[in-house]
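S.K.: Input: one structure, supplied below.
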Amino acid sequence: MKKSKIAIKLTLNFTIALLIFSIIIAGIFLCLFKNYAINMHKEQMEEYATALSDVLSGEESIGNGRGMGGYGAYIKFIDKVSKSSIWVVDTNGNLINKNMGHSSDNYNTSTLPSNAEAILDKVLNGENTSIEQCNDNHSQTNITVGVPIQKENEITGAVFISSNIDEIPRDVKQALTILAFSIIISLIIVIILSFILSRLFTKPLSKMKEVASNLSNHDYTARCNIKQNDEIGELGEILDILAKRLEEADKQSEKLDKMQKDFIANISHELRTPITVMRGSLEVLQENVITDKDKIQEYYKQMLLEAKFLERLVGDLLDLARLQNTDFKIEISKLNLTDVINDVVRSAMQIANNKNITINKEIENNIYEINGDYERLRQMFLIILDNAIKFSKENSCIDVTFKNNQIIIRDYGEGIDEEHLPHIFDKFYKTYDKKNETGSGLGLAIANQIAKRHNIILEAKNADKGGAEFIFTLKK
């Protein structure tokens, strides 16, 4: 299994945080448990003292300083059960039970302990009072509880119970041992769980890292496919969108590269043919191989035709390059599109007359104003009309219709082969039949670019009853 640095860091940080939390909890627990144990011990001592006070409140001899008769055995019993030392004093502070003896050897029973004397006045004033005192090395804490003895709302003496709480540190130590053991077990379990959860948390990040690495190595098919309803899921989706766009861009780049290579190959072919013809003709004329004046004129005529073809080809290339460049600005002005169509039809009729082709025109509105470049629009329509005339039979007709925001130029020729139809607007794409021998393969590409620059959609299809249709859809 591949190591995940983030998972290890998350586990380590979480463990440190939990360890600090455990130490804080242990410290708080120690203080609270110790205070709780002392308070519980103090309450228990106060209960013993109160019980003894209630018993002694009926003794007549307390206030006289005499013995307590049968209650001495009871005091010894409580002394033994509570593991404490007990003193009973009268209102003058004199010990009444000093000759009774105690089970504890830690105290001098002839006098009160110093901490008891400190609270004697409060107790004889009717207040239940307690006091804590640590020995010199703070290893033990002594608690003394004082409870007044009352008879008929008159204080006749006091009961003091004193005890060294040496068992509490032992209880605290045991509690800390149990707590430490519990924390260690919990830490082990939590470390394992945190590592597993950290791995689950960082798994999508590792996947995104792998995808990013693949993208940097030009593998644009990589995908995260992370389905999470959080920021990581959103990041994964964005990375997938980026990968998809890079894949599309890469395919487009390959397509453009292929188009560029095809363009160079096509332009080389288109340029080589007329140049070869012109060079051959010039070599023949230079070497005086042909002496007949009529033949020489034919060679000159052929070279002139090839030169015109080169001129048109270069002009078309320049036009296409300009139109494809978004920085190239066309001359936009307000114009009547109907005037452009009428102008184009008049010019095309001169070409159509050579094949005795009739151009039928149907225009819905005499005025249709748009913003555009008059000359470029005229060039666009003339390219399509010239193309329609070229592929139409003699003595046929061509329909030009302008209505419902659409201009349709339809011929009645053989139509466009289905295999050629998707590519007719590509640069240098042309059919090599007799009707298209002089074509450069750039005319329809130029017309399409002019349409795009004027926000016009140009489409081509075969008509239902034969022939081809070029449809210009004007966006409102």
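Ordered as shown in the structure tokens, chains take letters A, B, and onward, while each chain numbers its residues from 1 and ligands are numbered from 1 in the order shown.
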Mind listing the alpha helix (DSSP H) residues of range 129-356 of chain A, per DSSP on the backbone, as a PyMOL selection string?
M.R.: chain A and resi 167-216+231-286+293-324+337-352
S.K.: For range 366-448 of chain A versus range 330-348 of chain A, which residues have an atom no more than 6 Å away, and what is each residue's nearest atom pair and distance in Å rounded to one decimal, using only C-alpha atoms, chain-then-number order, as CSV?
M.R.:
```
residue,atom,partner,partner_atom,distance
A:Asn366,CA,A:Thr338,CA,6.0
A:Ile367,CA,A:Asn336,CA,5.9
A:Tyr368,CA,A:Asn336,CA,5.3
A:Glu369,CA,A:Asn336,CA,4.4
A:Ile370,CA,A:Leu335,CA,5.7
A:Asn371,CA,A:Lys334,CA,4.5
A:Gly372,CA,A:Ile332,CA,4.5
A:Asp373,CA,A:Ile332,CA,4.8
A:Arg378,CA,A:Val340,CA,5.9
A:Leu382,CA,A:Val344,CA,5.8
```
S.K.: Next, dump the selected residues to file, keeping only C-alpha atoms, as a PDB file, in the first residue's frame.
M.R.:
```pdb
ATOM      1  CA  ASN A 366     -37.795  45.290 -51.049  1.00  0.00           C
ATOM      2  CA  ILE A 367     -36.193  46.720 -47.914  1.00  0.00           C
ATOM      3  CA  TYR A 368     -34.306  44.526 -45.423  1.00  0.00           C
ATOM      4  CA  GLU A 369     -31.774  46.598 -43.485  1.00  0.00           C
ATOM      5  CA  ILE A 370     -28.803  45.010 -41.726  1.00  0.00           C
ATOM      6  CA  ASN A 371     -25.323  46.078 -40.595  1.00  0.00           C
ATOM      7  CA  GLY A 372     -22.650  44.554 -42.793  1.00  0.00           C
ATOM      8  CA  ASP A 373     -19.910  44.863 -45.387  1.00  0.00           C
ATOM      9  CA  ARG A 378     -21.760  40.526 -52.490  1.00  0.00           C
ATOM     10  CA  LEU A 382     -21.626  35.624 -55.929  1.00  0.00           C
TER      11      LEU A 382
END
```
S.K.: Do you know which residues are at most 10 Å from Leu205 in chain A counting only C-alpha atoms, after dropping those on the same chain fewer than 6 positions away, and could you put them as an MDAnalysis selection string?
M.R.: chainID A and resid 4 6 199 211 224 226 232:233 235:236
S.K.: Kindly indicate which residue among A:Phe470, A:Thr15, A:Lys390, A:Leu112 lies nearest to Ile457 in chain A, using only C-alpha atoms for the distances.
M.R.: A:Phe470
S.K.: Report the residues of range 242-408 of chain A whose backbone DSSP state falls under strand (DSSP E or B), written as an MDAnalysis selection string.
M.R.: chainID A and resid 333:336 358:363 369:372 397:403 406:408
S.K.: Extract, using only C-alpha atoms, all DNA, RNA and protein residues at most 10 Å from range 127-129 of chain A, discarding same-chain residues fewer than 6 positions from it, and format them as a VMD selection string.
M.R.: chain A and resid 46 49 to 50 116 119 to 121 144 to 148 158 to 160
S.K.: Dump as a tab-separated table the rows for residues of range 118-202 of chain A within 10 Å of range 16-23 of chain A: closest atom pair and distance in Å with one decimal, only C-alpha atoms counted, ordered by chain and rising residue number.
M.R.:
```
residue	atom	partner	partner_atom	distance
A:Leu179	CA	A:Ser22	CA	9.3
A:Ala180	CA	A:Ser22	CA	8.7
A:Ile183	CA	A:Ser22	CA	6.8
A:Ile184	CA	A:Leu19	CA	9.3
A:Ser186	CA	A:Leu18	CA	9.6
A:Leu187	CA	A:Leu18	CA	7.6
A:Val190	CA	A:Leu18	CA	8.7
A:Ile191	CA	A:Leu18	CA	9.5
```
S.K.: For the selection you just gave me, I'd like the residues written to a file as a PDB file, in the first residue's frame, keeping C-alpha atoms.
M.R.:
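Output file selection-v5.pdb follows:
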```pdb
ATOM      1  CA  LEU A 179      -7.812   6.342  33.754  1.00  0.00           C
ATOM      2  CA  ALA A 180      -4.307   6.011  32.259  1.00  0.00           C
ATOM      3  CA  ILE A 183      -6.591   6.413  27.816  1.00  0.00           C
ATOM      4  CA  ILE A 184      -3.883   4.113  26.434  1.00  0.00           C
ATOM      5  CA  SER A 186      -8.502   4.504  23.694  1.00  0.00           C
ATOM      6  CA  LEU A 187      -5.419   6.019  22.044  1.00  0.00           C
ATOM      7  CA  VAL A 190      -8.345   5.998  18.013  1.00  0.00           C
ATOM      8  CA  ILE A 191      -4.961   5.906  16.211  1.00  0.00           C
TER       9      ILE A 191
END
```
S.K.: Would you mind telling me which residue in A:Ala37, A:Leu285, A:Ile351, A:Ile131 lies nearest to Arg170 in chain A when using only C-alpha atoms?
M.R.: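 With only C-alpha atoms as the atom set, the closest residue is A:Ala37.
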S.K.: Could you tell me how far CA of Ile28 in chain A sits from CA of Met45 in chain A, in Å to one decimal place?
M.R.: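 Atom-to-atom, CA of Met45 in chain A and CA of Ile28 in chain A are spaced 25.6 Å apart.
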S.K.: Show which residues sit within 12 Å of Lys393 in chain A, as a ChimeraX atom specification. Count only C-alpha atoms, and ignore same-chain residues fewer than 6 positions away.
M.R.: /A:352,354-358,411-415,435,467
S.K.: A:Ser53, A:Asn164, A:Thr401, A:Ser194: which is nearest Gly126 in chain A, counting only C-alpha atoms?
M.R.: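 Checking each of A:Ser53, A:Asn164, A:Thr401, A:Ser194 against Gly126 in chain A, counting only C-alpha atoms, the winner is A:Ser53.
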S.K.: Give me, please, the distance in Å between CA of Asp250 in chain A and CA of Leu317 in chain A, quoted to one decimal.
M.R.: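 If I compute the distance from CA of Asp250 in chain A to CA of Leu317 in chain A, I get 26.3 Å.
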S.K.: Report, in Å with one decimal, the straight-line distance from CA of Ile178 in chain A to CA of Asn39 in chain A.
M.R.: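 Separating CA of Ile178 in chain A from CA of Asn39 in chain A is a distance of 21.6 Å.
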